[in-house]
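Colleague: Sharing data18.cif here; it has mmCIF, C-alpha atoms.
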```cif
data_model
#
loop_
_atom_site.label_atom_id
_atom_site.label_comp_id
_atom_site.auth_asym_id
_atom_site.auth_seq_id
_atom_site.Cartn_x
_atom_site.Cartn_y
_atom_site.Cartn_z
CA MET A 1 7.86 -4.55 15.72
CA SER A 2 7.97 -6.10 19.10
CA THR A 3 8.49 -4.42 22.44
CA SER A 4 9.46 -5.87 25.82
CA VAL A 5 8.27 -5.14 29.32
CA ASN A 6 10.92 -4.09 31.81
CA LEU A 7 9.64 -5.73 34.96
CA GLU A 8 12.20 -4.22 37.31
CA VAL A 9 11.47 -0.67 36.18
CA THR A 10 7.73 -1.33 36.40
CA ALA A 11 8.05 -2.64 39.94
CA THR A 12 10.17 0.31 41.06
CA MET A 13 7.78 2.87 39.59
CA ALA A 14 4.74 1.07 40.99
CA SER A 15 6.08 1.01 44.58
CA GLU A 16 6.16 4.81 44.68
CA PHE A 17 2.39 5.04 44.29
CA VAL A 18 1.20 2.27 46.63
CA PRO A 19 -0.35 3.50 49.96
CA THR A 20 1.06 1.92 53.14
CA THR A 21 -0.57 3.96 55.95
CA THR A 22 -3.65 1.80 56.55
CA ALA A 23 -3.97 -1.81 57.52
CA SER A 24 -6.26 -2.58 54.59
CA ALA A 25 -3.92 -1.00 52.07
CA THR A 26 -2.15 -3.18 49.58
CA THR A 27 1.52 -3.82 50.23
CA PRO A 28 4.08 -2.37 47.78
CA GLU A 29 4.95 -5.82 46.55
CA ASP A 30 1.28 -6.64 45.85
CA GLY A 31 0.74 -3.33 44.05
CA SER A 32 3.84 -3.83 41.97
CA LEU A 33 2.75 -7.34 41.07
CA GLN A 34 -0.70 -6.09 40.00
CA LEU A 35 0.85 -3.48 37.73
CA ILE A 36 3.25 -6.04 36.29
CA ILE A 37 0.33 -8.40 35.57
CA ALA A 38 -1.62 -5.54 33.96
CA ASP A 39 1.36 -4.59 31.80
CA LEU A 40 1.92 -8.21 30.85
CA SER A 41 -1.73 -8.67 29.85
CA THR A 42 -1.55 -5.52 27.72
CA GLU A 43 1.69 -6.73 26.19
CA VAL A 44 0.22 -10.17 25.41
CA ALA A 45 -2.87 -8.64 23.79
CA PHE A 46 -0.66 -6.30 21.78
CA ARG A 47 1.62 -9.12 20.63
CA ILE A 48 -1.35 -11.30 19.59
CA PHE A 49 -2.80 -8.46 17.49
CA ASP A 50 0.60 -7.68 15.98
CA ILE A 51 1.23 -11.29 14.98
CA VAL A 52 -2.28 -11.94 13.63
CA CYS A 53 -2.38 -8.70 11.62
CA SER A 54 1.17 -8.27 10.32
CA ASN A 55 2.01 -11.98 9.96
CA PHE A 56 -1.08 -14.09 9.34
CA LEU A 57 -3.50 -11.69 7.59
CA VAL A 58 -0.82 -9.91 5.58
CA GLY A 59 0.68 -13.27 4.59
CA VAL A 60 -2.64 -14.72 3.38
CA ILE A 61 -3.77 -11.58 1.56
CA SER A 62 -0.38 -11.03 -0.08
CA LEU A 63 -0.34 -14.63 -1.32
CA LEU A 64 -3.78 -14.17 -2.88
CA GLY A 65 -2.69 -10.77 -4.18
CA LEU A 66 0.34 -12.32 -5.85
CA LEU A 67 -1.89 -14.73 -7.78
CA SER A 68 -4.30 -11.89 -8.57
CA ASN A 69 -1.62 -9.58 -9.96
CA VAL A 70 0.09 -12.28 -12.02
CA THR A 71 -3.27 -13.05 -13.63
CA THR A 72 -3.94 -9.34 -14.19
CA ILE A 73 -0.55 -8.87 -15.85
CA VAL A 74 -1.15 -11.81 -18.19
CA VAL A 75 -4.58 -10.53 -19.24
CA LEU A 76 -3.59 -6.87 -19.64
CA SER A 77 -0.51 -7.79 -21.66
CA HIS A 78 -2.97 -8.85 -24.40
CA GLN A 79 -4.73 -5.45 -24.27
CA VAL A 80 -1.90 -2.93 -24.57
CA THR A 81 -3.40 -1.32 -27.67
CA GLU A 82 -5.30 1.03 -25.34
CA SER A 83 -3.32 3.69 -23.46
CA ILE A 84 -5.17 3.33 -20.16
CA ASN A 85 -4.49 -0.43 -20.09
CA ILE A 86 -0.75 0.25 -20.32
CA VAL A 87 -0.92 2.27 -17.09
CA PHE A 88 -3.06 -0.46 -15.52
CA LEU A 89 -0.38 -2.96 -16.54
CA GLY A 90 2.29 -0.82 -14.86
CA MET A 91 0.17 -0.65 -11.71
CA ALA A 92 -0.23 -4.44 -11.71
CA VAL A 93 3.55 -4.91 -11.96
CA SER A 94 4.11 -2.48 -9.09
CA ASP A 95 1.36 -4.14 -7.02
CA MET A 96 2.90 -7.55 -7.66
CA CYS A 97 6.19 -6.27 -6.20
CA VAL A 98 4.31 -4.83 -3.20
CA VAL A 99 2.52 -8.07 -2.32
CA THR A 100 5.66 -10.15 -2.95
CA LEU A 101 7.57 -8.05 -0.43
CA ALA A 102 4.58 -8.13 1.93
CA LEU A 103 4.71 -11.92 1.81
CA TRP A 104 8.46 -11.77 2.45
CA TYR A 105 7.75 -9.39 5.35
CA ALA A 106 5.46 -11.97 6.94
CA ILE A 107 8.22 -14.59 6.63
CA THR A 108 10.97 -12.35 7.99
CA SER A 109 8.69 -11.30 10.86
CA ILE A 110 8.61 -14.95 11.92
CA ILE A 111 12.42 -14.98 11.77
CA ASN A 112 12.46 -11.84 13.90
CA GLU A 113 10.16 -13.42 16.48
CA ALA A 114 12.04 -16.73 16.57
CA ASN A 115 15.48 -15.06 16.69
CA PRO A 116 17.20 -18.25 15.47
CA PRO A 117 20.72 -19.00 16.74
CA ASN A 118 23.68 -18.75 14.35
CA PHE A 119 21.71 -16.41 12.09
CA LEU A 120 24.15 -14.14 10.25
CA PHE A 121 21.94 -11.05 10.58
CA GLU A 122 20.31 -9.29 13.49
CA PRO A 123 16.68 -10.31 12.81
CA LEU A 124 15.08 -6.86 13.03
CA SER A 125 17.77 -5.32 10.82
CA PHE A 126 17.25 -8.13 8.31
CA LEU A 127 13.50 -7.46 8.36
CA VAL A 128 13.91 -3.73 7.75
CA MET A 129 16.62 -3.93 5.09
CA THR A 130 15.13 -6.75 3.01
CA ALA A 131 11.36 -6.23 3.42
CA VAL A 132 10.34 -2.87 4.90
CA ILE A 133 12.59 -0.52 2.92
CA PRO A 134 12.22 -2.10 -0.56
CA ARG A 135 8.47 -2.32 -0.10
CA LEU A 136 8.37 1.48 0.18
CA PHE A 137 9.80 1.73 -3.36
CA PHE A 138 6.83 -0.01 -4.92
CA ILE A 139 4.19 1.39 -2.56
CA ASN A 140 5.13 4.86 -3.81
CA SER A 141 5.32 3.76 -7.44
CA THR A 142 1.78 2.36 -7.12
CA CYS A 143 0.65 5.66 -5.64
CA TRP A 144 2.03 7.72 -8.52
CA LEU A 145 0.79 5.31 -11.17
CA THR A 146 -2.67 5.56 -9.60
CA ALA A 147 -2.34 9.34 -9.81
CA LEU A 148 -1.36 8.98 -13.49
CA VAL A 149 -4.46 6.86 -14.18
CA ALA A 150 -6.63 9.46 -12.43
CA ILE A 151 -5.05 12.31 -14.42
CA ILE A 152 -5.45 10.56 -17.79
CA ARG A 153 -9.07 9.63 -17.11
CA CYS A 154 -9.85 13.09 -15.78
CA LEU A 155 -8.45 14.67 -18.94
CA CYS A 156 -10.46 12.21 -21.03
CA VAL A 157 -13.74 13.50 -19.63
CA VAL A 158 -12.67 17.16 -19.58
CA LEU A 159 -10.77 17.30 -22.91
CA PRO A 160 -12.01 14.22 -24.79
CA PHE A 161 -10.74 15.29 -28.23
CA LYS A 162 -7.16 16.06 -27.18
CA VAL A 163 -6.28 13.15 -24.89
CA GLY A 164 -6.04 10.65 -27.74
CA ILE A 165 -3.37 12.82 -29.37
CA LEU A 166 -1.45 13.49 -26.15
CA PHE A 167 -1.53 9.97 -24.70
CA THR A 168 -0.79 7.60 -27.56
CA PRO A 169 0.04 4.00 -26.56
CA LYS A 170 3.77 4.54 -27.19
CA ARG A 171 3.90 7.79 -25.20
CA THR A 172 1.87 6.26 -22.40
CA ALA A 173 4.21 3.27 -22.23
CA VAL A 174 7.23 5.59 -21.97
CA LEU A 175 5.49 7.75 -19.35
CA THR A 176 4.41 4.74 -17.27
CA SER A 177 7.87 3.17 -17.38
CA GLY A 178 9.43 6.53 -16.52
CA VAL A 179 7.21 7.07 -13.49
CA PHE A 180 7.84 3.53 -12.27
CA PHE A 181 11.63 3.59 -12.58
CA ILE A 182 12.09 7.18 -11.38
CA ILE A 183 10.07 6.61 -8.21
CA VAL A 184 11.71 3.25 -7.47
CA PHE A 185 15.19 4.68 -8.03
CA SER A 186 14.47 7.80 -5.97
CA TYR A 187 13.35 5.82 -2.93
CA SER A 188 16.07 3.18 -3.37
CA THR A 189 18.55 5.87 -2.34
CA SER A 190 17.46 4.92 1.20
CA TYR A 191 20.16 2.24 0.95
CA PHE A 192 22.73 5.02 0.70
CA ARG A 193 21.72 6.03 4.24
CA ASN A 194 21.46 2.52 5.65
CA GLU A 195 23.82 -0.40 5.41
CA PHE A 196 24.75 -3.71 7.03
CA VAL A 197 27.79 -3.60 9.29
CA LEU A 198 29.49 -6.69 10.73
CA VAL A 199 29.71 -6.34 14.53
CA PHE A 200 31.24 -8.80 17.01
CA PHE A 201 29.10 -9.65 20.06
CA PRO A 202 31.14 -11.20 22.93
CA GLU A 203 28.04 -12.54 24.72
CA VAL A 204 27.30 -14.90 21.82
CA ASN A 205 30.89 -15.12 20.62
CA ALA A 206 29.87 -14.36 17.05
CA SER A 207 29.89 -11.57 14.47
CA ILE A 208 26.45 -10.45 13.29
CA TYR A 209 25.39 -8.05 10.56
CA ILE A 210 23.29 -5.19 11.92
CA MET A 211 21.67 -2.22 10.18
CA VAL A 212 23.42 1.11 10.70
CA GLU A 213 21.88 4.41 9.66
CA LEU A 214 24.45 6.70 8.06
CA SER A 215 23.50 10.31 8.70
CA LYS A 216 24.27 12.90 6.05
CA GLY A 217 23.65 15.71 8.50
CA VAL A 218 20.52 16.90 10.26
CA VAL A 219 19.54 19.35 7.53
CA ILE A 220 19.92 16.84 4.68
CA ASP A 221 18.25 14.03 6.67
CA ASP A 222 15.26 16.26 7.46
CA MET A 223 14.99 17.44 3.86
CA VAL A 224 15.03 13.88 2.54
CA TYR A 225 12.42 12.75 5.07
CA TYR A 226 9.99 15.64 4.55
CA LEU A 227 10.34 15.54 0.77
CA GLY A 228 10.10 11.76 0.32
CA PHE A 229 7.71 10.79 3.09
CA VAL A 230 5.63 13.91 3.72
CA ALA A 231 5.49 16.32 0.76
CA LEU A 232 5.41 13.94 -2.22
CA PRO A 233 2.84 11.50 -0.74
CA MET A 234 0.63 14.48 0.17
CA VAL A 235 0.87 15.86 -3.37
CA CYS A 236 0.08 12.44 -4.82
CA MET A 237 -2.94 12.00 -2.54
CA PHE A 238 -4.20 15.50 -3.42
CA ILE A 239 -3.98 14.71 -7.16
CA VAL A 240 -5.89 11.44 -6.75
CA VAL A 241 -8.59 13.00 -4.54
CA PHE A 242 -9.05 16.01 -6.84
CA CYS A 243 -9.27 13.91 -10.01
CA THR A 244 -11.64 11.46 -8.32
CA LEU A 245 -13.98 14.28 -7.32
CA VAL A 246 -13.98 15.57 -10.91
CA LEU A 247 -14.76 12.09 -12.23
CA VAL A 248 -17.54 11.56 -9.68
CA ILE A 249 -19.15 14.85 -10.72
CA LYS A 250 -18.91 13.85 -14.38
CA VAL A 251 -20.37 10.40 -13.69
CA LYS A 252 -23.33 11.93 -11.84
CA ALA A 253 -23.90 14.40 -14.66
CA SER A 254 -23.81 11.54 -17.18
CA VAL A 255 -26.31 9.50 -15.12
CA ASN A 256 -28.68 12.47 -14.87
CA TRP A 257 -28.41 13.08 -18.61
CA ARG A 258 -29.16 9.43 -19.36
CA ASN A 259 -32.13 9.39 -16.97
CA ASN A 260 -33.58 12.48 -18.62
CA ALA A 261 -33.10 10.90 -22.03
CA GLN A 262 -34.82 7.67 -21.00
CA SER A 263 -37.70 9.50 -19.34
CA GLY A 264 -38.67 11.01 -22.70
CA LYS A 265 -37.68 14.60 -22.03
CA SER A 266 -34.97 14.58 -24.63
CA PHE A 267 -35.21 11.08 -26.07
CA SER A 268 -36.81 12.09 -29.35
CA LYS A 269 -34.08 14.64 -30.13
CA GLU A 270 -31.26 12.31 -29.22
CA LYS A 271 -32.73 9.49 -31.25
CA LYS A 272 -32.40 11.64 -34.36
CA SER A 273 -29.03 13.24 -33.62
CA VAL A 274 -27.05 10.51 -31.81
CA PRO A 275 -26.42 7.20 -33.61
CA VAL A 276 -26.45 3.88 -31.76
CA THR A 277 -22.67 3.60 -31.92
CA GLY A 278 -22.41 7.01 -30.23
CA ARG A 279 -24.58 5.87 -27.34
CA GLU A 280 -22.58 2.65 -27.05
CA SER A 281 -19.34 4.65 -26.98
CA ALA A 282 -20.73 6.90 -24.26
CA THR A 283 -21.76 3.87 -22.23
CA LYS A 284 -18.30 2.34 -22.64
CA GLU A 285 -16.60 5.56 -21.53
CA GLY A 286 -18.96 5.81 -18.58
CA LYS A 287 -18.12 2.28 -17.43
CA LEU A 288 -14.40 2.97 -17.74
CA THR A 289 -14.80 6.15 -15.71
CA LYS A 290 -16.69 4.27 -13.00
CA MET A 291 -13.96 1.63 -12.89
CA VAL A 292 -11.27 4.29 -12.48
CA VAL A 293 -13.32 5.95 -9.73
CA THR A 294 -13.57 2.59 -7.96
CA ILE A 295 -9.80 2.06 -8.22
CA THR A 296 -8.97 5.54 -6.94
CA SER A 297 -11.58 5.31 -4.17
CA VAL A 298 -10.06 2.06 -2.89
CA PHE A 299 -6.65 3.72 -3.09
CA ILE A 300 -7.83 6.73 -1.06
CA PHE A 301 -9.46 4.54 1.58
CA CYS A 302 -6.38 2.33 1.97
CA ASN A 303 -3.67 5.01 1.79
CA MET A 304 -5.22 8.06 3.45
CA PRO A 305 -4.58 6.67 7.00
CA ASN A 306 -0.84 6.69 6.32
CA ASN A 307 -0.96 10.38 5.39
CA LEU A 308 -2.91 11.11 8.58
CA VAL A 309 -0.31 9.25 10.66
CA VAL A 310 2.48 11.28 9.05
CA MET A 311 0.70 14.49 10.04
CA ALA A 312 0.11 13.14 13.55
CA ARG A 313 3.84 12.44 13.92
CA MET A 314 4.59 16.05 13.01
CA VAL A 315 2.21 17.28 15.74
CA GLU A 316 3.14 14.71 18.43
CA PRO A 317 6.87 13.78 18.56
CA GLU A 318 6.13 10.90 20.98
CA PHE A 319 3.91 9.20 18.39
CA THR A 320 6.65 6.84 17.16
CA GLU A 321 7.62 3.17 17.42
CA ARG A 322 9.78 3.98 20.48
CA GLY A 323 7.85 6.91 21.95
CA LYS A 324 5.20 7.25 24.62
CA TYR A 325 2.44 6.00 22.31
CA GLN A 326 4.44 3.15 20.80
CA HIS A 327 1.74 0.49 21.15
CA THR A 328 -0.89 2.69 19.51
CA PHE A 329 1.58 3.67 16.79
CA ILE A 330 2.52 0.06 15.99
CA ILE A 331 -1.11 -1.13 16.00
CA ILE A 332 -2.10 1.66 13.60
CA HIS A 333 0.84 0.83 11.35
CA ASP A 334 -0.15 -2.84 11.35
CA VAL A 335 -3.60 -1.79 10.10
CA ILE A 336 -2.05 0.56 7.51
CA PHE A 337 0.25 -2.22 6.34
CA LEU A 338 -2.77 -4.50 5.93
CA LEU A 339 -4.76 -1.85 4.05
CA GLU A 340 -1.87 -1.16 1.66
CA THR A 341 -1.58 -4.89 0.97
CA ILE A 342 -5.32 -5.07 0.28
CA ASN A 343 -5.07 -2.09 -2.12
CA SER A 344 -2.38 -3.96 -4.08
CA SER A 345 -4.39 -7.21 -4.14
CA VAL A 346 -7.89 -6.30 -5.34
CA SER A 347 -7.18 -5.01 -8.86
CA PHE A 348 -8.18 -8.29 -10.50
CA LEU A 349 -11.60 -8.26 -8.79
CA ILE A 350 -12.23 -4.69 -9.94
CA PHE A 351 -11.15 -5.33 -13.53
CA TYR A 352 -13.07 -8.61 -13.80
CA ASN A 353 -16.33 -7.16 -12.45
CA MET A 354 -16.23 -3.75 -14.14
CA SER A 355 -14.45 -4.31 -17.48
CA SER A 356 -16.20 -6.48 -20.06
CA LYS A 357 -13.06 -6.62 -22.25
CA PHE A 358 -10.92 -7.77 -19.35
CA LYS A 359 -13.51 -10.39 -18.37
CA THR A 360 -13.80 -11.67 -21.95
CA GLU A 361 -10.01 -11.89 -22.34
CA PHE A 362 -9.63 -13.68 -19.01
CA ASN A 363 -12.35 -16.21 -19.85
CA LYS A 364 -10.73 -16.78 -23.23
CA LEU A 365 -7.31 -17.43 -21.68
CA TRP A 366 -8.90 -19.63 -19.01
CA ARG A 367 -10.60 -21.79 -21.65
CA VAL A 368 -7.33 -22.08 -23.58
CA SER A 369 -5.44 -23.14 -20.45
CA LYS A 370 -8.09 -25.77 -19.65
CA GLN A 371 -7.88 -27.14 -23.18
CA LEU A 372 -4.10 -27.36 -22.94
CA LYS A 373 -4.44 -29.31 -19.68
CA VAL A 374 -6.86 -31.73 -21.33
CA LEU A 375 -4.45 -32.26 -24.24
CA LYS A 376 -1.60 -33.00 -21.84
#
```
If you convert what's in this file into structure tokens, what do you get?

Modeller:
Amino acid sequence: MSTSVNLEVTATMASEFVPTTTASATTPEDGSLQLIIADLSTEVAFRIFDIVCSNFLVGVISLLGLLSNVTTIVVLSHQVTESINIVFLGMAVSDMCVVTLALWYAITSIINEANPPNFLFEPLSFLVMTAVIPRLFFINSTCWLTALVAIIRCLCVVLPFKVGILFTPKRTAVLTSGVFFIIVFSYSTSYFRNEFVLVFFPEVNASIYIMVELSKGVVIDDMVYYLGFVALPMVCMFIVVFCTLVLVIKVKASVNWRNNAQSGKSFSKEKKSVPVTGRESATKEGKLTKMVVTITSVFIFCNMPNNLVVMARMVEPEFTERGKYQHTFIIIHDVIFLLETINSSVSFLIFYNMSSKFKTEFNKLWRVSKQLKVLK
């Protein structure tokens, strides 16, 4: 995502606006030089931000996220008897793919910056085809699996006696796998519209593979774009936001009910009618709901900016990577890229701090691994 400053064009444009009628006025050459220096300083600041954000920070966070998701997958694989954990497991697999490709993106960005000689691929094309495009597959699968978690949990608090029948572990596993593979396959059709083509460049006396976009026609291209990158993400975000609001309302109602019970207003009645196991079950369900709300809230915070940028692009055609506001666009996308990587890296922290079963299972596996090391 780098841009270059055309010094000759800058100098020509600058000379048209430099006053020359007074003795104290700056000469055209001086004015042009000042504008060139200003553009260069802006370019340097932009490049530093781009490299630090999209290379260093994304690389570090994705590496930590890879370790986090592998650990989460190992722990949740021992807890697949519960339907919600199966969806969490699917999310962890999708997140692992996201952070793996984010780490690969950081590496290929360095290749793009270095532009090594005798490299078989045009660096930017290699970056897009091997890191940017496949990452979109799993970003969207994570989004829809998050929506599935929100829907299941929302139904649990609204229709608690029917969800257990509808979402059995086997059905949930089939549904989770179906969502994952359908979304990944649907977005992988992007490779049908992009491909590597071997092109000979006389200036370097070599043939290099570059990415070529194969248009299927303006109507089809527009339909694919608006369906895959505008409509579906908006629908997914709406589902997550709506379900999160419902869960937040239910959590607040549960807290108020519990406070009233503890204050003595209804404690005596509940003590007679509700057994201890019932209160423990309610507490467990409340903690699970809060954990889902935390997961969906992090998702909304990290993914909402991307939806806003999509809407901004529809309003302002120049808001693109090559348009009038290219620097602003690329900086915002660097931040979005970082936020999406963070969203796919924090699941372990949420599970460990908000799920007692997950924490117990992790500590158990950790003790077993330490004992195995001692025996070796």

Colleague: Please evaluate the PyMOL selection byres ((chain A and resi 60) around 12) against the displayed coordinates and give the resulting residues as a PDB file with C-alpha atoms, keeping the file's coordinate frame.

Modeller:
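New file result_8.pdb:
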```
ATOM      1  CA  VAL A  52      -2.280 -11.940  13.630  1.00  0.00           C
ATOM      2  CA  CYS A  53      -2.380  -8.700  11.620  1.00  0.00           C
ATOM      3  CA  SER A  54       1.170  -8.270  10.320  1.00  0.00           C
ATOM      4  CA  ASN A  55       2.010 -11.980   9.960  1.00  0.00           C
ATOM      5  CA  PHE A  56      -1.080 -14.090   9.340  1.00  0.00           C
ATOM      6  CA  LEU A  57      -3.500 -11.690   7.590  1.00  0.00           C
ATOM      7  CA  VAL A  58      -0.820  -9.910   5.580  1.00  0.00           C
ATOM      8  CA  GLY A  59       0.680 -13.270   4.590  1.00  0.00           C
ATOM      9  CA  ILE A  61      -3.770 -11.580   1.560  1.00  0.00           C
ATOM     10  CA  SER A  62      -0.380 -11.030  -0.080  1.00  0.00           C
ATOM     11  CA  LEU A  63      -0.340 -14.630  -1.320  1.00  0.00           C
ATOM     12  CA  LEU A  64      -3.780 -14.170  -2.880  1.00  0.00           C
ATOM     13  CA  GLY A  65      -2.690 -10.770  -4.180  1.00  0.00           C
ATOM     14  CA  LEU A  66       0.340 -12.320  -5.850  1.00  0.00           C
ATOM     15  CA  LEU A  67      -1.890 -14.730  -7.780  1.00  0.00           C
ATOM     16  CA  VAL A  99       2.520  -8.070  -2.320  1.00  0.00           C
ATOM     17  CA  THR A 100       5.660 -10.150  -2.950  1.00  0.00           C
ATOM     18  CA  ALA A 102       4.580  -8.130   1.930  1.00  0.00           C
ATOM     19  CA  LEU A 103       4.710 -11.920   1.810  1.00  0.00           C
ATOM     20  CA  TRP A 104       8.460 -11.770   2.450  1.00  0.00           C
ATOM     21  CA  TYR A 105       7.750  -9.390   5.350  1.00  0.00           C
ATOM     22  CA  ALA A 106       5.460 -11.970   6.940  1.00  0.00           C
ATOM     23  CA  ILE A 107       8.220 -14.590   6.630  1.00  0.00           C
ATOM     24  CA  LEU A 338      -2.770  -4.500   5.930  1.00  0.00           C
ATOM     25  CA  THR A 341      -1.580  -4.890   0.970  1.00  0.00           C
ATOM     26  CA  ILE A 342      -5.320  -5.070   0.280  1.00  0.00           C
ATOM     27  CA  SER A 345      -4.390  -7.210  -4.140  1.00  0.00           C
TER      28      SER A 345
END
```

Colleague: Within 7 Å of stretch 289-291 of chain A, counting all atoms listed in the file, which residues show up once you throw out same-chain ones fewer than 3 positions away? Write them as a list in words, please.

Modeller: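 Result of the neighbour search: Arg153, Leu247, Glu285, Gly286, Thr294, Ile295 and Met354 of chain A.
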
Colleague: Using the chain letters and numbers from this file, what does the PyMOL selection byres ((chain A and resi 195) around 8) select? Give the answer as a list in words.

Modeller: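 When the PyMOL selection byres ((chain A and resi 195) around 8) is applied, the selected residues are Tyr191, Phe192, Arg193, Asn194, Phe196, Val197, Met211, Val212, Glu213 and Leu214 of chain A.
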
Colleague: Output C-alpha atoms for every residue in the selection just made, as an mmCIF file, in the coordinates of the input.

Modeller:
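Result file is part.cif:
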```cif
data_model
loop_
_atom_site.group_PDB
_atom_site.id
_atom_site.type_symbol
_atom_site.label_atom_id
_atom_site.label_comp_id
_atom_site.auth_asym_id
_atom_site.auth_seq_id
_atom_site.Cartn_x
_atom_site.Cartn_y
_atom_site.Cartn_z
ATOM 1 C CA TYR A 191 20.160 2.240 0.950
ATOM 2 C CA PHE A 192 22.730 5.020 0.700
ATOM 3 C CA ARG A 193 21.720 6.030 4.240
ATOM 4 C CA ASN A 194 21.460 2.520 5.650
ATOM 5 C CA PHE A 196 24.750 -3.710 7.030
ATOM 6 C CA VAL A 197 27.790 -3.600 9.290
ATOM 7 C CA MET A 211 21.670 -2.220 10.180
ATOM 8 C CA VAL A 212 23.420 1.110 10.700
ATOM 9 C CA GLU A 213 21.880 4.410 9.660
ATOM 10 C CA LEU A 214 24.450 6.700 8.060
#
```

Colleague: For atom CA of A:Ile350 and atom CA of A:Asn303, determine how far apart the two atoms are, in Å to one decimal place.

Modeller: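 Answer for the atom CA of A:Ile350 to atom CA of A:Asn303 separation: 17.5 Å.
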
Colleague: Report as a list in words all protein, DNA and RNA residues lying within 10 Å of A:Pro305, evaluated on only C-alpha atoms, omitting residues in the same chain fewer than 4 positions from it.

Modeller: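 The residues satisfying every condition are Ile300, Phe301, Val309, Val310, Met311, Ile332, His333, Val335, Ile336, Leu339 and Glu340 of chain A.
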
Colleague: Out of A:Asn140, A:Thr130, A:Ser83, A:Asn205, which residue has the shortest atom-to-atom distance to A:Asn306 when counting only C-alpha atoms?

Modeller: A:Asn140

Colleague: Using the chain letters and numbers from this file, what does the PyMOL selection byres ((chain A and resi 228-244) around 8) select? Give the answer as a list in words.

Modeller: Asn140, Cys143, Trp144, Thr146, Ala147, Ala150, Ile151, Cys154, Tyr187, Val224, Tyr225, Tyr226, Leu227, Leu245, Val246, Leu247, Val248, Val293, Thr296, Ser297, Ile300, Met304, Asn307 and Val310 of chain A

Colleague: Neighbouring residues of stretch 71-77 of chain A were defined as those with any atom within 8 Å, considering only C-alpha atoms; residues of the same chain fewer than 5 positions away were excluded. Please report them as a ChimeraX atom specification.

Modeller: /A:85-86,88-89,92-93,347-348,358,361-362,365

Colleague: Write to file, as a PDB file, in the coordinates of the input, the residues of the selection just made, with C-alpha atoms.

Modeller:
```pdb
ATOM      1  CA  ASN A  85      -4.490  -0.430 -20.090  1.00  0.00           C
ATOM      2  CA  ILE A  86      -0.750   0.250 -20.320  1.00  0.00           C
ATOM      3  CA  PHE A  88      -3.060  -0.460 -15.520  1.00  0.00           C
ATOM      4  CA  LEU A  89      -0.380  -2.960 -16.540  1.00  0.00           C
ATOM      5  CA  ALA A  92      -0.230  -4.440 -11.710  1.00  0.00           C
ATOM      6  CA  VAL A  93       3.550  -4.910 -11.960  1.00  0.00           C
ATOM      7  CA  SER A 347      -7.180  -5.010  -8.860  1.00  0.00           C
ATOM      8  CA  PHE A 348      -8.180  -8.290 -10.500  1.00  0.00           C
ATOM      9  CA  PHE A 358     -10.920  -7.770 -19.350  1.00  0.00           C
ATOM     10  CA  GLU A 361     -10.010 -11.890 -22.340  1.00  0.00           C
ATOM     11  CA  PHE A 362      -9.630 -13.680 -19.010  1.00  0.00           C
ATOM     12  CA  LEU A 365      -7.310 -17.430 -21.680  1.00  0.00           C
TER      13      LEU A 365
END
```

Colleague: For the atom pair atom CA of A:Ser94 and atom CA of A:Ser344, what is the interatomic distance in Å to one decimal place?

Modeller: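 Between atom CA of A:Ser94 and atom CA of A:Ser344 the gap is 8.3 Å.
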
Colleague: Kindly indicate which residue among A:Asn256, A:Ser215, A:Ser68, A:Ser141 lies nearest to A:Met96, using all atoms listed in the file for the distances.

Modeller: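 Distance minimum relative to A:Met96 lands on A:Ser68.
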
Colleague: I need the residue nearest A:Val204 from this list: A:Asn118, A:Leu175, A:Leu288, A:Lys359. Use all atoms listed in the file for the distance.

Modeller: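 Among the listed residues, the smallest separation from A:Val204 belongs to A:Asn118.
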
Colleague: Report, in Å to a single decimal, how far apart atom CA of A:Asn115 and atom CA of A:Phe319 are.

Modeller: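 Computed distance, atom CA of A:Phe319 to atom CA of A:Asn115, equals 26.9 Å.
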
Colleague: Step by step, gather every atom of stretch 318-323 of chain A that the file lists, find the box along x, y and z that holds them, add 8 Å on each side, and finally give centre and edge lengths in Å to one decimal, as JSON.

Modeller:
```
{"center_x": 6.8, "center_y": 7.0, "center_z": 19.6, "size_x": 21.9, "size_y": 23.7, "size_z": 20.8}
```

Colleague: For A:Ser186, find every residue with an atom within 9 Å (counting all atoms listed in the file), except residues of its own chain fewer than 4 positions away, and show them as a PyMOL selection string.

Modeller: chain A and resi 137+181-182+190+228

Colleague: Do a neighbour search on A:Thr320 at 12 Å with all atoms listed in the file, toss out local chain neighbours closer than 3 positions, and write the hits as a list of chain:residue names.

Modeller: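 Non-adjacent residues within range: A:Met1, A:Val309, A:Val310, A:Ala312, A:Arg313, A:Met314, A:Val315, A:Glu316, A:Pro317, A:Gly323, A:Lys324, A:Tyr325, A:Gln326, A:His327, A:Thr328, A:Phe329, A:Ile330, A:Ile331, A:Ile332, A:His333.
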
Colleague: What would the file look like if the residues just selected were written as a short mmCIF file (atom, residue, chain, number, x, y, z; two decimals), in the coordinates of the input with C-alpha atoms?

Modeller:
```cif
data_model
loop_
_atom_site.label_atom_id
_atom_site.label_comp_id
_atom_site.auth_asym_id
_atom_site.auth_seq_id
_atom_site.Cartn_x
_atom_site.Cartn_y
_atom_site.Cartn_z
CA MET A 1 7.86 -4.55 15.72
CA VAL A 309 -0.31 9.25 10.66
CA VAL A 310 2.48 11.28 9.05
CA ALA A 312 0.11 13.14 13.55
CA ARG A 313 3.84 12.44 13.92
CA MET A 314 4.59 16.05 13.01
CA VAL A 315 2.21 17.28 15.74
CA GLU A 316 3.14 14.71 18.43
CA PRO A 317 6.87 13.78 18.56
CA GLY A 323 7.85 6.91 21.95
CA LYS A 324 5.20 7.25 24.62
CA TYR A 325 2.44 6.00 22.31
CA GLN A 326 4.44 3.15 20.80
CA HIS A 327 1.74 0.49 21.15
CA THR A 328 -0.89 2.69 19.51
CA PHE A 329 1.58 3.67 16.79
CA ILE A 330 2.52 0.06 15.99
CA ILE A 331 -1.11 -1.13 16.00
CA ILE A 332 -2.10 1.66 13.60
CA HIS A 333 0.84 0.83 11.35
#
```
